[in-house]
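**Q** Data file data.cif (mmCIF, C-alpha atoms) is appended below.
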```cif
data_start
loop_
_atom_site.label_atom_id
_atom_site.label_comp_id
_atom_site.auth_asym_id
_atom_site.auth_seq_id
_atom_site.Cartn_x
_atom_site.Cartn_y
_atom_site.Cartn_z
CA MET A 1 18.89 14.80 44.42
CA LEU A 2 20.86 17.87 45.32
CA HIS A 3 19.38 21.00 43.85
CA ARG A 4 20.92 24.40 44.01
CA GLY A 5 17.69 26.25 43.32
CA THR A 6 18.41 29.89 42.66
CA GLY A 7 21.69 29.92 44.62
CA ASN A 8 24.72 30.73 42.52
CA LEU A 9 27.87 28.64 42.53
CA VAL A 10 30.72 30.90 43.59
CA LEU A 11 34.19 29.73 42.60
CA THR A 12 36.69 31.33 44.95
CA GLU A 13 40.29 31.87 43.86
CA GLU A 14 41.50 29.48 46.53
CA GLY A 15 38.90 26.87 45.65
CA ILE A 16 39.50 26.98 41.92
CA ARG A 17 43.25 26.78 42.47
CA ALA A 18 42.79 23.58 44.48
CA ILE A 19 40.53 22.10 41.80
CA ASN A 20 42.95 23.04 39.03
CA ASN A 21 45.72 21.34 40.99
CA SER A 22 43.65 18.18 41.29
CA LEU A 23 42.76 18.17 37.59
CA GLY A 24 46.39 18.96 36.64
CA ASN A 25 47.64 16.07 38.75
CA LEU A 26 45.06 13.78 37.18
CA VAL A 27 46.21 14.72 33.68
CA MET A 28 49.86 14.28 34.61
CA ASP A 29 49.46 10.96 36.43
CA SER A 30 47.17 9.38 33.86
CA GLY A 31 48.75 10.75 30.68
CA ALA A 32 45.34 12.02 29.56
CA LYS A 33 45.01 14.89 27.08
CA ALA A 34 42.65 16.95 29.22
CA ALA A 35 40.38 16.86 32.25
CA LEU A 36 37.25 19.00 32.55
CA LEU A 37 35.05 19.65 35.56
CA LEU A 38 31.49 20.60 34.64
CA ASP A 39 28.58 21.66 36.74
CA LYS A 40 25.32 19.83 36.34
CA SER A 41 23.68 22.67 34.43
CA GLY A 42 26.25 22.25 31.64
CA GLN A 43 28.74 25.00 32.50
CA LEU A 44 32.49 24.57 32.62
CA ILE A 45 33.98 24.94 36.11
CA ALA A 46 37.62 24.18 35.34
CA ALA A 47 39.81 22.50 32.73
CA GLN A 48 43.41 21.35 32.63
CA GLY A 49 45.60 19.82 29.92
CA GLU A 50 45.51 20.46 26.19
CA THR A 51 42.35 22.53 26.18
CA ASN A 52 43.24 25.16 23.56
CA ALA A 53 42.05 23.02 20.66
CA LEU A 54 38.84 22.05 22.47
CA ASP A 55 35.51 23.87 22.33
CA THR A 56 35.10 23.42 26.07
CA MET A 57 31.78 25.29 26.33
CA SER A 58 30.09 23.08 23.75
CA LEU A 59 31.70 19.98 25.21
CA SER A 60 30.34 20.91 28.64
CA ALA A 61 26.79 21.37 27.37
CA LEU A 62 26.82 18.14 25.38
CA ILE A 63 28.46 15.95 28.02
CA THR A 64 26.01 17.16 30.65
CA GLY A 65 23.08 16.54 28.31
CA SER A 66 24.41 13.11 27.49
CA PHE A 67 24.74 12.25 31.19
CA GLY A 68 21.21 13.45 31.83
CA SER A 69 19.71 11.40 29.03
CA ASN A 70 21.58 8.33 30.24
CA LYS A 71 19.93 8.76 33.61
CA ALA A 72 16.61 8.15 31.88
CA ILE A 73 18.09 4.99 30.32
CA ALA A 74 19.28 3.90 33.77
CA ASN A 75 15.76 4.28 35.12
CA LEU A 76 14.42 2.04 32.36
CA VAL A 77 16.74 -0.79 33.42
CA GLY A 78 15.99 -0.40 37.11
CA GLU A 79 18.95 1.78 38.07
CA THR A 80 18.69 5.21 39.70
CA GLU A 81 21.49 6.57 37.55
CA PHE A 82 24.73 5.64 35.80
CA ARG A 83 27.57 7.28 37.68
CA ARG A 84 30.21 6.52 35.01
CA MET A 85 30.19 6.79 31.22
CA PHE A 86 32.75 5.82 28.62
CA GLN A 87 32.72 6.88 24.96
CA GLN A 88 35.25 5.13 22.75
CA GLY A 89 36.53 6.73 19.56
CA GLN A 90 39.10 5.59 17.00
CA SER A 91 42.01 7.55 18.41
CA SER A 92 40.60 9.37 21.44
CA SER A 93 38.04 8.47 24.08
CA ILE A 94 36.23 10.16 26.93
CA TYR A 95 35.68 8.81 30.42
CA MET A 96 33.12 10.59 32.59
CA ALA A 97 32.20 10.27 36.23
CA GLN A 98 29.70 11.97 38.48
CA LEU A 99 30.60 13.63 41.78
CA VAL A 100 28.37 13.45 44.86
CA THR A 101 27.45 17.08 44.14
CA HIS A 102 26.15 15.81 40.75
CA ASP A 103 28.85 17.78 38.94
CA LEU A 104 30.83 15.84 36.36
CA ILE A 105 34.43 15.13 35.56
CA ALA A 106 35.30 14.30 31.95
CA VAL A 107 38.73 12.99 30.94
CA ILE A 108 39.77 13.00 27.29
CA PHE A 109 42.57 10.61 26.50
CA SER A 110 44.42 8.97 23.65
CA ASN A 111 43.61 5.34 22.99
CA ALA A 112 47.28 4.57 23.62
CA ILE A 113 46.24 4.68 27.29
CA THR A 114 43.91 2.03 28.65
CA VAL A 115 40.52 3.04 30.00
CA GLY A 116 41.35 1.00 33.11
CA LYS A 117 44.23 3.33 33.94
CA ILE A 118 42.05 6.40 33.46
CA LYS A 119 39.26 4.92 35.56
CA PHE A 120 41.73 4.03 38.33
CA ARG A 121 43.19 7.55 38.39
CA VAL A 122 39.76 9.20 38.30
CA ASP A 123 38.55 7.01 41.14
CA GLN A 124 41.64 7.99 43.14
CA MET A 125 40.87 11.66 42.59
CA LEU A 126 37.09 11.59 43.16
CA ASP A 127 37.15 11.90 46.96
CA THR A 128 39.37 14.96 46.73
CA LEU A 129 37.20 16.58 44.06
CA ASN A 130 34.05 15.78 46.04
CA GLN A 131 35.48 17.56 49.07
CA GLN A 132 36.67 20.50 47.01
CA MET A 133 33.32 20.98 45.31
CA GLN A 134 31.36 20.58 48.54
CA ALA A 135 33.56 23.26 50.11
CA MET A 136 32.78 25.48 47.14
CA TYR A 137 29.03 25.02 47.60
CA ASN A 138 29.40 25.91 51.26
CA SER A 139 31.41 29.05 50.55
CA THR A 140 29.78 32.42 51.18
CA PRO A 141 28.53 34.02 47.96
CA GLU A 142 29.62 37.54 47.27
CA ALA A 143 27.59 39.92 45.12
CA PRO A 144 29.70 40.82 42.08
CA PHE A 145 27.07 43.05 40.52
CA ARG A 146 26.34 45.55 43.25
CA ALA A 147 25.92 48.24 40.61
CA ALA A 148 24.08 45.92 38.26
CA PRO A 149 21.63 48.47 36.81
CA SER A 150 24.57 50.21 35.16
CA ALA A 151 25.10 47.02 33.14
CA GLY A 152 22.17 48.18 31.00
CA PRO A 153 24.05 50.53 28.67
CA LYS A 154 26.76 47.92 28.20
CA LEU A 155 24.17 45.41 27.01
CA SER A 156 22.73 47.99 24.64
CA ASP A 157 26.17 48.36 23.08
CA LEU A 158 26.51 44.63 22.62
CA PHE A 159 23.24 43.99 20.81
CA MET B 1 22.16 29.31 38.99
CA ALA B 2 25.00 31.39 37.68
CA LEU B 3 28.60 30.23 37.88
CA ILE B 4 30.68 33.07 39.33
CA ASN B 5 34.41 32.51 39.02
CA TYR B 6 36.45 34.94 41.11
CA ALA B 7 39.73 33.47 39.91
CA SER B 8 39.16 34.19 36.21
CA ARG B 9 36.61 36.96 36.96
CA GLU B 10 33.99 35.29 34.80
CA ILE B 11 30.26 34.88 35.12
CA ASN B 12 28.43 32.14 33.23
CA CYS B 13 24.65 32.23 32.97
CA LYS B 14 22.18 29.83 31.39
CA ILE B 15 19.18 31.11 29.46
CA VAL B 16 16.53 28.70 28.21
CA TYR B 17 14.07 29.38 25.37
CA TYR B 18 10.87 27.53 26.26
CA GLY B 19 7.53 27.20 24.48
CA THR B 20 5.31 25.15 22.20
CA GLY B 21 6.53 23.01 19.32
CA LEU B 22 7.23 24.95 16.09
CA GLY B 23 6.87 28.24 17.98
CA GLY B 24 10.20 29.70 16.83
CA LYS B 25 12.67 28.95 19.65
CA THR B 26 15.33 27.54 17.34
CA THR B 27 14.66 30.36 14.86
CA ASN B 28 15.53 32.88 17.60
CA LEU B 29 18.90 31.22 18.19
CA GLU B 30 19.59 30.88 14.47
CA TYR B 31 18.99 34.60 13.96
CA ILE B 32 21.24 35.53 16.90
CA PHE B 33 23.92 33.21 15.52
CA LYS B 34 23.71 34.77 12.06
CA GLN B 35 23.77 38.36 13.27
CA LEU B 36 26.54 38.29 15.86
CA ALA B 37 30.22 38.33 14.98
CA PRO B 38 32.13 35.08 15.61
CA GLY B 39 34.10 36.80 18.40
CA ILE B 40 30.90 37.31 20.37
CA ARG B 41 29.23 33.98 19.77
CA GLY B 42 30.52 30.43 19.55
CA GLU B 43 29.29 27.68 17.25
CA MET B 44 25.63 26.75 17.41
CA ILE B 45 24.89 23.13 18.14
CA SER B 46 21.52 21.65 17.19
CA LEU B 47 20.52 18.17 18.21
CA ALA B 48 17.64 17.87 15.76
CA THR B 49 15.76 15.18 13.86
CA GLU B 50 16.13 14.76 10.10
CA THR B 51 13.10 17.01 9.68
CA GLU B 52 14.81 19.82 11.64
CA ARG B 53 12.63 19.41 14.73
CA THR B 54 14.60 19.89 17.94
CA LEU B 55 15.20 16.46 19.41
CA PHE B 56 17.13 17.32 22.55
CA PHE B 57 18.29 20.94 22.55
CA ASP B 58 20.00 23.73 20.63
CA PHE B 59 22.97 25.43 22.24
CA LEU B 60 24.60 28.75 21.47
CA PRO B 61 27.32 30.28 23.68
CA LEU B 62 27.62 34.08 23.78
CA ASP B 63 30.49 36.13 25.16
CA LEU B 64 29.05 39.48 26.20
CA GLY B 65 32.39 41.00 27.11
CA SER B 66 33.18 42.68 30.39
CA VAL B 67 30.31 43.82 32.59
CA GLN B 68 31.21 45.30 35.98
CA GLY B 69 34.72 43.89 35.66
CA PHE B 70 33.56 40.34 35.02
CA LYS B 71 33.75 38.58 31.67
CA THR B 72 30.13 37.65 31.12
CA LYS B 73 29.18 34.56 29.16
CA PHE B 74 25.67 33.38 28.40
CA SER B 75 24.72 29.90 27.25
CA LEU B 76 21.49 29.94 25.26
CA TYR B 77 19.50 26.71 25.11
CA THR B 78 16.22 25.77 23.50
CA VAL B 79 14.03 22.90 24.62
CA PRO B 80 12.13 20.55 22.30
CA GLY B 81 8.57 21.86 22.25
CA GLN B 82 6.83 18.62 21.35
CA VAL B 83 4.68 17.34 24.20
CA GLU B 84 6.31 13.90 24.30
CA TYR B 85 9.80 15.27 25.02
CA ASN B 86 9.09 16.48 28.54
CA ALA B 87 12.00 14.58 30.07
CA SER B 88 14.39 16.58 27.86
CA ARG B 89 12.71 19.86 28.75
CA LYS B 90 13.03 19.12 32.44
CA LEU B 91 16.69 18.22 32.07
CA ILE B 92 17.56 21.42 30.23
CA LEU B 93 15.94 23.60 32.89
CA ASN B 94 18.48 22.34 35.43
CA GLY B 95 20.51 25.33 36.63
CA VAL B 96 18.56 27.86 34.55
CA ASP B 97 19.21 31.57 35.25
CA GLY B 98 16.64 33.12 32.92
CA ILE B 99 13.86 32.05 30.58
CA VAL B 100 12.44 33.34 27.31
CA PHE B 101 8.97 31.92 26.83
CA VAL B 102 8.28 31.95 23.08
CA ALA B 103 4.54 31.94 22.45
CA ASP B 104 3.03 31.22 19.05
CA SER B 105 0.62 34.08 18.30
CA GLN B 106 -1.68 32.05 16.05
CA ARG B 107 -5.17 31.82 17.50
CA GLU B 108 -5.29 28.03 17.25
CA LYS B 109 -2.09 27.82 19.33
CA MET B 110 -3.44 29.66 22.37
CA ALA B 111 -4.35 26.50 24.27
CA GLU B 112 -0.91 25.03 23.52
CA ASN B 113 0.77 28.19 24.80
CA ILE B 114 -1.16 28.01 28.05
CA GLU B 115 -0.37 24.31 28.44
CA SER B 116 3.32 24.91 27.71
CA MET B 117 3.45 27.65 30.36
CA ARG B 118 1.81 25.31 32.87
CA ASN B 119 4.27 22.57 31.91
CA MET B 120 7.19 24.97 32.39
CA GLU B 121 6.03 25.88 35.89
CA GLU B 122 5.64 22.19 36.73
CA ASN B 123 9.14 21.37 35.46
CA LEU B 124 10.67 24.33 37.31
CA SER B 125 9.08 23.11 40.52
CA GLU B 126 11.11 19.89 40.20
CA TYR B 127 14.17 22.06 40.89
CA GLY B 128 12.52 24.03 43.65
CA LEU B 129 12.03 27.00 41.31
CA THR B 130 9.00 29.15 40.52
CA LEU B 131 8.26 31.94 38.06
CA GLU B 132 8.77 34.32 40.98
CA SER B 133 12.31 33.08 41.56
CA VAL B 134 13.54 32.83 37.95
CA PRO B 135 13.69 35.95 35.74
CA TYR B 136 11.71 35.44 32.55
CA VAL B 137 10.33 37.41 29.61
CA LEU B 138 7.70 36.60 27.01
CA GLN B 139 7.98 36.77 23.25
CA TYR B 140 4.84 36.73 21.11
CA ASN B 141 6.18 35.32 17.87
CA LYS B 142 4.78 35.07 14.33
CA ARG B 143 3.15 38.53 14.43
CA ASP B 144 3.32 38.60 10.62
CA LEU B 145 0.75 35.83 10.22
CA GLY B 146 -2.93 36.49 9.52
CA ASN B 147 -4.98 34.71 12.14
CA ILE B 148 -3.28 35.82 15.33
CA SER B 149 -4.45 36.72 18.83
CA THR B 150 -4.16 40.37 19.78
CA PHE B 151 -1.36 41.51 22.06
CA GLU B 152 -3.93 42.13 24.80
CA GLU B 153 -5.40 38.63 24.47
CA LEU B 154 -1.96 37.07 24.80
CA GLU B 155 -1.12 39.24 27.79
CA ALA B 156 -4.35 38.25 29.51
CA ALA B 157 -3.85 34.55 28.81
CA ILE B 158 -0.18 33.95 29.60
CA ASN B 159 1.22 37.04 31.27
CA PRO B 160 -0.68 37.42 34.55
CA ARG B 161 2.48 38.62 36.30
CA GLY B 162 2.98 41.43 33.80
CA VAL B 163 6.62 40.63 32.97
CA SER B 164 8.31 42.21 29.93
CA SER B 165 6.82 40.96 26.68
CA PHE B 166 7.81 41.50 23.06
CA GLU B 167 6.11 41.07 19.72
CA ALA B 168 8.36 39.29 17.24
CA VAL B 169 8.77 37.85 13.80
CA ALA B 170 11.78 35.71 14.64
CA VAL B 171 12.28 34.46 11.10
CA GLU B 172 12.96 38.07 10.05
CA GLY B 173 14.74 38.95 13.29
CA SER B 174 12.13 41.43 14.49
CA GLY B 175 11.99 41.42 18.30
CA VAL B 176 14.72 38.81 18.69
CA PHE B 177 17.43 41.03 20.16
CA ALA B 178 14.96 43.11 22.20
CA THR B 179 13.90 39.86 23.88
CA LEU B 180 17.48 38.70 24.44
CA LYS B 181 18.50 42.06 25.83
CA ALA B 182 15.57 42.09 28.27
CA VAL B 183 16.25 38.63 29.64
CA SER B 184 20.00 39.34 29.86
CA LYS B 185 19.36 42.48 31.90
CA ALA B 186 16.91 40.66 34.15
CA VAL B 187 19.45 37.89 34.80
CA LEU B 188 22.31 40.30 35.53
CA ASN B 189 20.10 42.38 37.80
CA ARG B 190 19.13 39.25 39.72
CA LEU B 191 22.82 38.64 40.48
CA SER B 192 23.07 41.89 42.42
#
```
Render the structure in this file as structure tokens.

**A**
Amino acid sequence: MLHRGTGNLVLTEEGIRAINNSLGNLVMDSGAKAALLLDKSGQLIAAQGETNALDTMSLSALITGSFGSNKAIANLVGETEFRRMFQQGQSSSIYMAQLVTHDLIAVIFSNAITVGKIKFRVDQMLDTLNQQMQAMYNSTPEAPFRAAPSAGPKLSDLF
Amino acid sequence: MALINYASREINCKIVYYGTGLGGKTTNLEYIFKQLAPGIRGEMISLATETERTLFFDFLPLDLGSVQGFKTKFSLYTVPGQVEYNASRKLILNGVDGIVFVADSQREKMAENIESMRNMEENLSEYGLTLESVPYVLQYNKRDLGNISTFEELEAAINPRGVSSFEAVAVEGSGVFATLKAVSKAVLNRLS
């Protein structure tokens, strides 16, 4: 399993633009409501589509947790992991897939669209997203908090 | 492992509240949720059993505003403290940036505190992490109860590294924000 340890994931402007393009194309081509890219710790990397009405932070935490718990189920039936998940609702559904970096893509779509179409479009996009995320992991981290100690007073104001 | 987004100038960090069952981890998050304005915190999600024991995790997103020109967001998680839910605890530690270890101050809980600390180190090692590599603070909770260990006894038993530690009565909010502030600072400092 790929672990990042203490290394931070740095999303460069160029990298995030490429990922947003991929997710935007996926939403447009599939007719889905929204597509989210989540890192395996439960944080949102990028989202495209109708995301204003969505609590994307909570969705990210719950989808990642759900994927993790399903890995334990997979182990119980002799699988290493389940790389795809599908949750069907009455009017909307979610299709989720895991990248080679163990990050996740989640596509929310109306049930007017078949899951087969979503799966096909996600599969088409996975190679591109895999490459884009691997490039991101290989990018050189910058230190955004060079004057971090001065963050102290700001935190005191907040709490 | 913080997520640093240079496009939106955002930093997302994950803080996990760890410790024994019924030690007060969820109570910490509930107090933070109640005290902070909705603009600063999101909705709290609790995946709990019918008897209010944490089954999988609690989750509370915080938006700390702009720090050093970056919008800073923290995701607070708790783990289920019950011994049998170790798989969940391990899962939630994935990508952790900072830890609050909530110890139960009651004398009869000392052995459980020590075991929970050992279990935390073991689970961190699964991700190649140690208590030297992840910022963490201690909270000695339930200081209002009668039969409790002294501060010095707790320090000797579970704080050999001498990290920041706080006495708390989480149910009343005492010590809750001091703990959160300390771990937040430690996490942000680690990013430098």

**Q** Any idea which chain B residues end up within 7 Å of chain A if we count all atoms listed in the file, as a VMD selection string please?

**A** chain B and resid 1 to 7 64 67 to 68 91 94 to 95 127 to 129 133 177 181 185 188 to 189 191 to 192

**Q** Given the file above and the PyMOL selection byres ((chain B and resi 75) around 8), which residues are selected, and can you give them as a ChimeraX atom specification?

**A** /B:12-15,59-62,73-74,76-77

**Q** For the file shown, report as a list in words the outcome of the PyMOL selection byres ((chain B and resi 27) around 10) at residue level.

**A**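 Output from the PyMOL selection byres ((chain B and resi 27) around 10), applied to this file: Leu22, Gly23, Gly24, Lys25, Thr26, Asn28, Leu29, Glu30, Tyr31, Ile32, Phe33, Thr78, Val169, Ala170, Val171, Glu172, Gly173 and Val176 of chain B.
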
**Q** One number please: atom CA of Val100 of chain B to atom CA of Val137 of chain B, in Å, one decimal.

**A**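 Spanning atom CA of Val100 of chain B to atom CA of Val137 of chain B is a straight-line distance of 5.1 Å.
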
**Q** As an exercise, work out the distance from atom CA of Met120 of chain B to atom CA of Ala168 of chain B in Å and give it to one decimal place.

**A** 20.9 Å

**Q** Could you tell me, as a PyMOL selection string, exactly which residues end up selected when the PyMOL selection byres ((chain B and resi 116) around 10) is applied to this structure?

**A** chain B and resi 18-21+81-83+101-103+110-115+117-122+158

**Q** Just give me the gap between atom CA of Tyr140 of chain B and atom CA of Glu167 of chain B in Å, one decimal is fine.

**A**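 Result for atom CA of Tyr140 of chain B versus atom CA of Glu167 of chain B: 4.7 Å, one decimal.
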
**Q** Please write as a ChimeraX atom specification the list of polymer residues whose atoms come within 7 Å of (31.4, 16.6, 43.6), counting only C-alpha atoms and keeping to the coordinates of the file.

**A** /A:99-103,129-131,133-134

**Q** Considering all atoms listed in the file, return as a PyMOL selection string whatever protein or nucleic-acid residues lie within 7 Å of Thr179 of chain B, sequence-local ones (same chain, fewer than 3 positions apart) excluded.

**A** chain B and resi 139+166+175-176+182-183
